[in-house]
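As stored in protein_25.txt (compact mmCIF, C-alpha atoms (C1' of nucleotides)):
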```
# COMPACT_ATOMS: atom_id res chain seq x y z
CA MET U 1 -9.02 36.85 -57.90
CA LYS U 2 -9.41 37.11 -54.13
CA ILE U 3 -6.19 36.94 -52.10
CA ALA U 4 -6.65 36.99 -48.33
CA THR U 5 -4.67 36.90 -45.10
CA TRP U 6 -5.94 35.75 -41.71
CA ASN U 7 -4.22 35.16 -38.38
CA ILE U 8 -6.44 32.34 -37.09
CA ASN U 9 -4.81 31.99 -33.62
CA GLY U 10 -4.74 28.20 -33.54
CA ILE U 11 -6.04 25.84 -36.25
CA LYS U 12 -7.49 23.33 -33.81
CA ALA U 13 -9.77 25.90 -32.19
CA ARG U 14 -10.59 27.66 -35.48
CA ILE U 15 -11.26 24.89 -37.99
CA ASP U 16 -15.04 25.39 -37.91
CA ASN U 17 -14.76 29.19 -38.32
CA LEU U 18 -12.17 28.73 -41.06
CA ARG U 19 -14.31 26.29 -43.05
CA GLN U 20 -17.37 28.49 -42.66
CA TRP U 21 -15.60 31.61 -43.91
CA MET U 22 -13.94 29.77 -46.80
CA SER U 23 -17.25 28.25 -47.90
CA ASP U 24 -19.00 31.63 -47.71
CA PHE U 25 -16.25 33.77 -49.21
CA GLN U 26 -14.44 31.41 -51.59
CA PRO U 27 -10.97 33.00 -51.49
CA ASP U 28 -8.65 31.93 -54.31
CA ILE U 29 -5.55 32.18 -52.12
CA LEU U 30 -5.65 32.35 -48.31
CA CYS U 31 -2.54 33.06 -46.23
CA LEU U 32 -2.81 31.85 -42.63
CA GLN U 33 -0.73 32.77 -39.60
CA GLU U 34 -0.48 31.35 -36.08
CA ILE U 35 -1.65 27.88 -37.05
CA LYS U 36 0.06 26.75 -33.79
CA SER U 37 0.41 23.25 -35.17
CA VAL U 38 3.01 20.90 -36.53
CA ASP U 39 2.52 20.02 -40.21
CA GLU U 40 1.43 16.46 -39.36
CA ALA U 41 -1.44 17.66 -37.14
CA PHE U 42 -2.79 20.28 -39.58
CA PRO U 43 -6.30 19.31 -40.84
CA ARG U 44 -5.16 19.03 -44.43
CA LEU U 45 -7.85 16.58 -45.56
CA GLU U 46 -10.72 18.74 -44.30
CA LEU U 47 -9.44 21.71 -46.29
CA GLU U 48 -8.62 19.65 -49.38
CA ALA U 49 -12.24 18.48 -49.23
CA LEU U 50 -13.25 22.12 -49.75
CA GLY U 51 -11.21 22.14 -52.94
CA TYR U 52 -7.97 23.69 -51.72
CA HIS U 53 -4.29 22.84 -51.97
CA VAL U 54 -2.57 23.07 -48.59
CA GLU U 55 1.03 24.13 -47.96
CA THR U 56 2.09 24.48 -44.33
CA HIS U 57 5.14 25.58 -42.40
CA GLY U 58 4.29 24.63 -38.85
CA GLN U 59 5.99 24.20 -35.51
CA LYS U 60 4.96 22.85 -32.13
CA GLY U 61 2.81 25.11 -30.00
CA PHE U 62 3.47 28.54 -31.46
CA ASN U 63 3.72 30.46 -34.72
CA GLY U 64 3.26 28.52 -37.96
CA VAL U 65 2.02 29.74 -41.35
CA ALA U 66 0.21 28.22 -44.32
CA ILE U 67 -1.04 28.98 -47.82
CA LEU U 68 -4.35 27.50 -49.01
CA SER U 69 -5.10 27.86 -52.72
CA ARG U 70 -7.56 26.80 -55.40
CA GLN U 71 -4.68 26.27 -57.80
CA LYS U 72 -1.66 24.12 -57.21
CA PRO U 73 1.24 26.28 -55.98
CA GLU U 74 4.71 26.24 -57.52
CA ASP U 75 8.11 27.17 -56.09
CA VAL U 76 7.15 26.85 -52.43
CA ILE U 77 9.74 28.42 -50.09
CA ARG U 78 9.54 27.82 -46.34
CA ASP U 79 11.98 30.20 -44.69
CA LEU U 80 12.81 33.87 -44.88
CA PRO U 81 16.46 34.11 -45.98
CA GLY U 82 19.11 35.82 -43.91
CA GLU U 83 19.40 34.01 -40.54
CA ASP U 84 20.13 30.28 -40.67
CA GLU U 85 19.80 29.91 -36.87
CA ASP U 86 16.18 31.16 -36.91
CA GLU U 87 13.97 28.15 -36.20
CA GLN U 88 10.63 29.99 -35.86
CA ALA U 89 8.07 29.13 -38.57
CA ARG U 90 6.99 32.57 -39.74
CA PHE U 91 7.26 32.58 -43.53
CA ILE U 92 6.02 30.60 -46.52
CA GLU U 93 5.91 31.79 -50.13
CA ALA U 94 4.56 30.29 -53.35
CA SER U 95 3.85 31.33 -56.93
CA PHE U 96 0.70 30.75 -58.97
CA SER U 97 -0.05 30.82 -62.68
CA VAL U 98 -2.52 33.48 -63.77
CA PRO U 99 -3.70 34.41 -67.29
CA SER U 100 -1.34 37.39 -67.38
CA GLY U 101 1.64 35.35 -66.13
CA VAL U 102 2.39 34.65 -62.49
CA VAL U 103 1.61 36.02 -59.03
CA ARG U 104 3.89 35.37 -56.09
CA VAL U 105 2.32 35.32 -52.62
CA ALA U 106 3.93 35.14 -49.17
CA SER U 107 2.27 34.41 -45.83
CA ILE U 108 4.12 36.38 -43.16
CA TYR U 109 3.95 36.23 -39.36
CA LEU U 110 6.24 39.02 -38.24
CA PRO U 111 7.54 38.76 -34.64
CA ASN U 112 5.53 40.62 -32.00
CA GLY U 113 8.65 41.98 -30.26
CA ASN U 114 7.15 42.65 -26.84
CA PRO U 115 8.27 43.46 -24.29
CA ALA U 116 10.13 46.15 -26.20
CA ASP U 117 12.90 46.38 -23.57
CA ASP U 118 13.58 42.63 -23.77
CA PRO U 119 17.18 42.05 -24.87
CA VAL U 120 16.15 39.27 -27.24
CA LYS U 121 12.63 39.83 -28.50
CA TYR U 122 12.70 43.36 -29.87
CA PRO U 123 16.09 43.02 -31.60
CA TYR U 124 14.79 39.79 -33.19
CA LYS U 125 11.77 41.69 -34.52
CA LEU U 126 13.98 44.40 -36.04
CA ARG U 127 16.36 41.85 -37.58
CA TRP U 128 13.39 39.97 -39.04
CA MET U 129 12.05 43.19 -40.57
CA GLU U 130 15.43 43.92 -42.15
CA ARG U 131 15.52 40.38 -43.54
CA LEU U 132 12.03 40.91 -44.99
CA ARG U 133 13.13 44.22 -46.50
CA ARG U 134 16.09 42.54 -48.22
CA HIS U 135 13.95 39.66 -49.46
CA ALA U 136 11.35 42.06 -50.84
CA GLU U 137 14.11 44.05 -52.53
CA SER U 138 15.34 40.93 -54.27
CA ARG U 139 11.82 39.83 -55.28
CA LEU U 140 11.04 43.27 -56.72
CA LEU U 141 13.88 42.80 -59.22
CA LEU U 142 11.67 40.13 -60.85
CA GLU U 143 9.15 42.85 -61.78
CA GLU U 144 6.27 40.43 -61.10
CA PRO U 145 3.00 40.77 -59.21
CA LEU U 146 3.98 40.13 -55.59
CA VAL U 147 1.67 40.06 -52.55
CA LEU U 148 3.32 40.06 -49.12
CA ALA U 149 0.37 39.19 -46.92
CA GLY U 150 0.24 38.65 -43.21
CA ASP U 151 0.27 39.69 -39.60
CA TYR U 152 3.00 42.32 -39.56
CA ASN U 153 2.57 43.18 -35.88
CA VAL U 154 3.04 46.79 -36.98
CA ILE U 155 0.61 49.69 -36.48
CA PRO U 156 1.76 51.90 -39.37
CA GLU U 157 0.15 55.22 -38.37
CA PRO U 158 -1.60 56.76 -35.34
CA HIS U 159 -5.00 56.50 -37.04
CA ASP U 160 -4.50 52.74 -37.37
CA CYS U 161 -4.98 52.51 -33.61
CA TYR U 162 -7.88 53.34 -31.29
CA ASP U 163 -5.62 55.07 -28.75
CA PRO U 164 -2.11 55.92 -30.00
CA ALA U 165 -1.02 57.12 -26.55
CA ALA U 166 -1.82 53.73 -25.04
CA TRP U 167 0.47 52.05 -27.61
CA ALA U 168 3.31 54.57 -27.52
CA THR U 169 5.87 52.23 -25.92
CA ASP U 170 4.58 49.01 -27.47
CA ALA U 171 6.79 47.08 -29.90
CA LEU U 172 3.96 47.26 -32.47
CA PHE U 173 4.03 51.06 -32.56
CA LEU U 174 7.50 52.27 -31.51
CA PRO U 175 9.11 54.80 -33.89
CA ARG U 176 11.81 52.27 -34.84
CA THR U 177 9.15 49.68 -35.71
CA ARG U 178 7.23 52.13 -37.87
CA ALA U 179 10.44 53.30 -39.54
CA ALA U 180 11.39 49.70 -40.37
CA PHE U 181 7.92 49.19 -41.88
CA ARG U 182 8.27 52.38 -43.95
CA ALA U 183 11.69 51.17 -45.14
CA ILE U 184 9.92 48.11 -46.57
CA GLU U 185 7.14 50.20 -48.13
CA ASN U 186 9.70 52.65 -49.52
CA LEU U 187 11.15 49.93 -51.73
CA GLY U 188 8.05 50.60 -53.81
CA LEU U 189 5.41 48.47 -52.10
CA THR U 190 1.80 49.60 -51.70
CA ASP U 191 -0.36 49.05 -48.59
CA ALA U 192 -3.44 47.64 -50.37
CA VAL U 193 -6.03 48.75 -47.81
CA ARG U 194 -4.66 52.30 -47.62
CA ALA U 195 -4.55 52.51 -51.42
CA THR U 196 -8.24 51.70 -51.74
CA THR U 197 -9.87 53.76 -48.99
CA ASP U 198 -9.66 57.05 -47.11
CA ALA U 199 -11.59 55.60 -44.17
CA THR U 200 -10.07 55.86 -40.70
CA LYS U 201 -10.52 53.61 -37.69
CA LEU U 202 -10.02 50.52 -39.83
CA TYR U 203 -8.88 47.70 -37.60
CA THR U 204 -7.97 44.04 -38.14
CA PHE U 205 -7.32 42.96 -34.52
CA TRP U 206 -9.29 43.35 -31.31
CA ASP U 207 -7.90 41.92 -28.08
CA TYR U 208 -9.91 39.24 -26.26
CA GLN U 209 -9.52 41.22 -23.02
CA ALA U 210 -11.38 44.15 -21.53
CA GLY U 211 -14.22 44.14 -24.06
CA ALA U 212 -11.98 45.46 -26.81
CA TRP U 213 -14.31 44.24 -29.59
CA GLN U 214 -17.45 45.67 -27.98
CA LYS U 215 -15.71 49.05 -27.53
CA ASN U 216 -14.07 48.90 -30.98
CA ASN U 217 -10.65 49.19 -29.34
CA GLY U 218 -8.81 47.73 -32.33
CA ILE U 219 -5.57 48.09 -34.23
CA ARG U 220 -4.67 47.60 -37.91
CA ILE U 221 -1.73 45.21 -38.05
CA ASP U 222 -2.64 42.73 -40.83
CA HIS U 223 -1.51 44.04 -44.19
CA LEU U 224 -1.17 43.24 -47.89
CA LEU U 225 1.92 44.89 -49.34
CA LEU U 226 1.97 44.90 -53.15
CA SER U 227 4.63 45.25 -55.81
CA PRO U 228 3.83 47.81 -58.53
CA GLU U 229 2.80 44.96 -60.86
CA ALA U 230 0.28 43.72 -58.27
CA SER U 231 -0.85 47.21 -57.30
CA ASP U 232 -1.63 47.92 -60.97
CA ARG U 233 -4.14 45.07 -60.88
CA LEU U 234 -5.71 45.79 -57.48
CA LEU U 235 -9.44 46.55 -57.69
CA SER U 236 -10.52 46.86 -54.06
CA THR U 237 -10.00 45.48 -50.56
CA SER U 238 -12.17 44.18 -47.75
CA ILE U 239 -11.68 43.76 -44.00
CA GLU U 240 -13.97 40.88 -42.99
CA LYS U 241 -14.92 42.47 -39.70
CA GLN U 242 -18.14 40.49 -39.23
CA VAL U 243 -16.08 37.36 -38.53
CA ARG U 244 -14.92 38.84 -35.20
CA ALA U 245 -18.52 38.61 -33.90
CA TRP U 246 -18.83 34.87 -34.62
CA GLU U 247 -18.72 32.23 -31.89
CA LYS U 248 -15.17 31.32 -30.84
CA PRO U 249 -13.51 33.97 -33.05
CA SER U 250 -9.85 34.59 -33.69
CA ASP U 251 -8.69 37.95 -32.34
CA HIS U 252 -7.79 38.85 -35.96
CA VAL U 253 -10.12 39.04 -39.00
CA PRO U 254 -9.40 38.28 -42.67
CA VAL U 255 -8.09 41.06 -44.93
CA VAL U 256 -8.73 40.61 -48.65
CA GLY U 257 -7.43 42.08 -51.89
CA TYR U 258 -9.46 41.72 -55.11
CA PHE U 259 -7.26 41.57 -58.22
CA ASP U 260 -7.73 41.33 -61.97
CA PHE U 261 -4.94 39.14 -63.32
CA GLU U 262 -6.59 38.53 -66.67
CA LYS U 263 -4.62 39.53 -69.76
CA ARG U 264 -4.73 43.20 -70.69
C1' DA K 265 -13.90 48.03 -10.54
C1' DT K 266 -5.98 47.78 -9.80
C1' DG K 267 -8.72 42.59 -13.01
C1' DG K 268 -9.65 41.15 -17.19
C1' DT K 269 -8.85 36.43 -22.37
C1' DC K 270 -7.38 33.12 -25.26
C1' DG K 271 -4.58 28.76 -27.50
C1' DT K 272 -1.54 24.90 -27.19
C1' DA K 273 -0.95 21.09 -24.50
C1' DG K 274 -1.26 18.66 -20.65
C1' DG K 275 2.82 23.10 -18.03
C1' DA K 276 4.21 27.60 -18.83
C1' DC K 277 4.30 30.87 -21.96
C1' DG K 278 3.15 33.78 -25.88
C1' DA K 279 0.08 37.31 -27.49
```
Any chance you could put this one into structure tokens?
Amino acid sequence: MKIATWNINGIKARIDNLRQWMSDFQPDILCLQEIKSVDEAFPRLELEALGYHVETHGQKGFNGVAILSRQKPEDVIRDLPGEDEDEQARFIEASFSVPSGVVRVASIYLPNGNPADDPVKYPYKLRWMERLRRHAESRLLLEEPLVLAGDYNVIPEPHDCYDPAAWATDALFLPRTRAAFRAIENLGLTDAVRATTDATKLYTFWDYQAGAWQKNNGIRIDHLLLSPEASDRLLSTSIEKQVRAWEKPSDHVPVVGYFDFEKR
DNA sequence: ATGGTCGTAGGACGA
């Protein structure tokens, strides 16, 4: 089973790229971020025509997440618990039947947090990360395969970044950001890409500006975090880097985990 | 080389 995450940076501008990649790659479950669309304007019919169920959590203009799946999802949840006043659409979660039981998958768009000295934005990012940590803690009690997939806006380690010095004061790489990410991992979650390769200079995002793609000035900020039950069934991962060279690309590329959820 | 790129929406802002 192929479970993928992709920040598409606007569904309206990316629908052709999205359909092309889905037709080529045939993901079983695809988590999207930054759909930048209200639910009513999301091109549901075009994606259903490819054979996918569509669950969205959109908002006007910014943010917005979705889960596309071959199978019909169950237990769809549309908000990260812990802050009732939060109106930003950054979280959707669903569960799916598999031969060995169930797999639960979340599509996460973690706040960017810049500028890091902003009195609102960076504290919101840290609060959101603590809410995610608590939610993950509660989900881990279920002892089920769990895949927390998305744009974390976190560069975990210096080698996940082309120039660590250039990112030293950025909200994606500050020590407090990295510590909050480790606190989530330290619950017992596995970074799927790191678990399946020793390669360095693996990136999932290249800025549109300053020829970042051409110079390979990238960062690794899109992650699949796995519960032990999901990690046990992980076979390999793929970063679909070729997609960044297509016409009208997103600044992020898909990240994929391959799993075996057949019975033992 | 002191700028530079996108997307949404239809202006200003987020990344």
Open item on the list: Just want the 9 Å neighbourhood of stretch 143-155 of chain U, counted on only C-alpha atoms (C1' of nucleotides), with same-chain residues fewer than 2 positions away dropped. Output as a PyMOL selection string.
Closed with: chain U and resi 3-7+31-33+93+95+101-113+136+139-141+157-161+171-174+177-178+181+219-233+252+255
Could you work out how far atom CA of U:Pro43 lies from atom C1' of K:DT269, giving the answer in Å with one decimal?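 We find that atom C1' of K:DT269 and atom CA of U:Pro43 lie 25.3 Å from each other.
If you take only C-alpha atoms (C1' of nucleotides) and a cut-off of 10 Å, the residues of chain K that reach chain U are DG267, DG268, DT269, DC270, DG271, DT272, DA273, DC277, DG278 and DA279 of chain K.
Our summary of the geometry notes that atom CA of U:Phe261 is positioned 28.6 Å from atom CA of U:Thr200.
The space between atom CA of U:Tyr124 and atom CA of U:Asp39 spans 24.3 Å.
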Inset, instruction - Using all atoms listed in the file, pick whichever of U:Ala89, U:Val98, U:Ala49, U:Ala116 has the shortest atom-to-atom distance to U:Ala168. - result: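 With all atoms listed in the file as the atom set, the closest residue is U:Ala116.
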Of U:Tyr162, U:Trp213, U:Phe91, U:Phe96, the one sitting nearest U:Arg70 when using only C-alpha atoms is U:Phe96
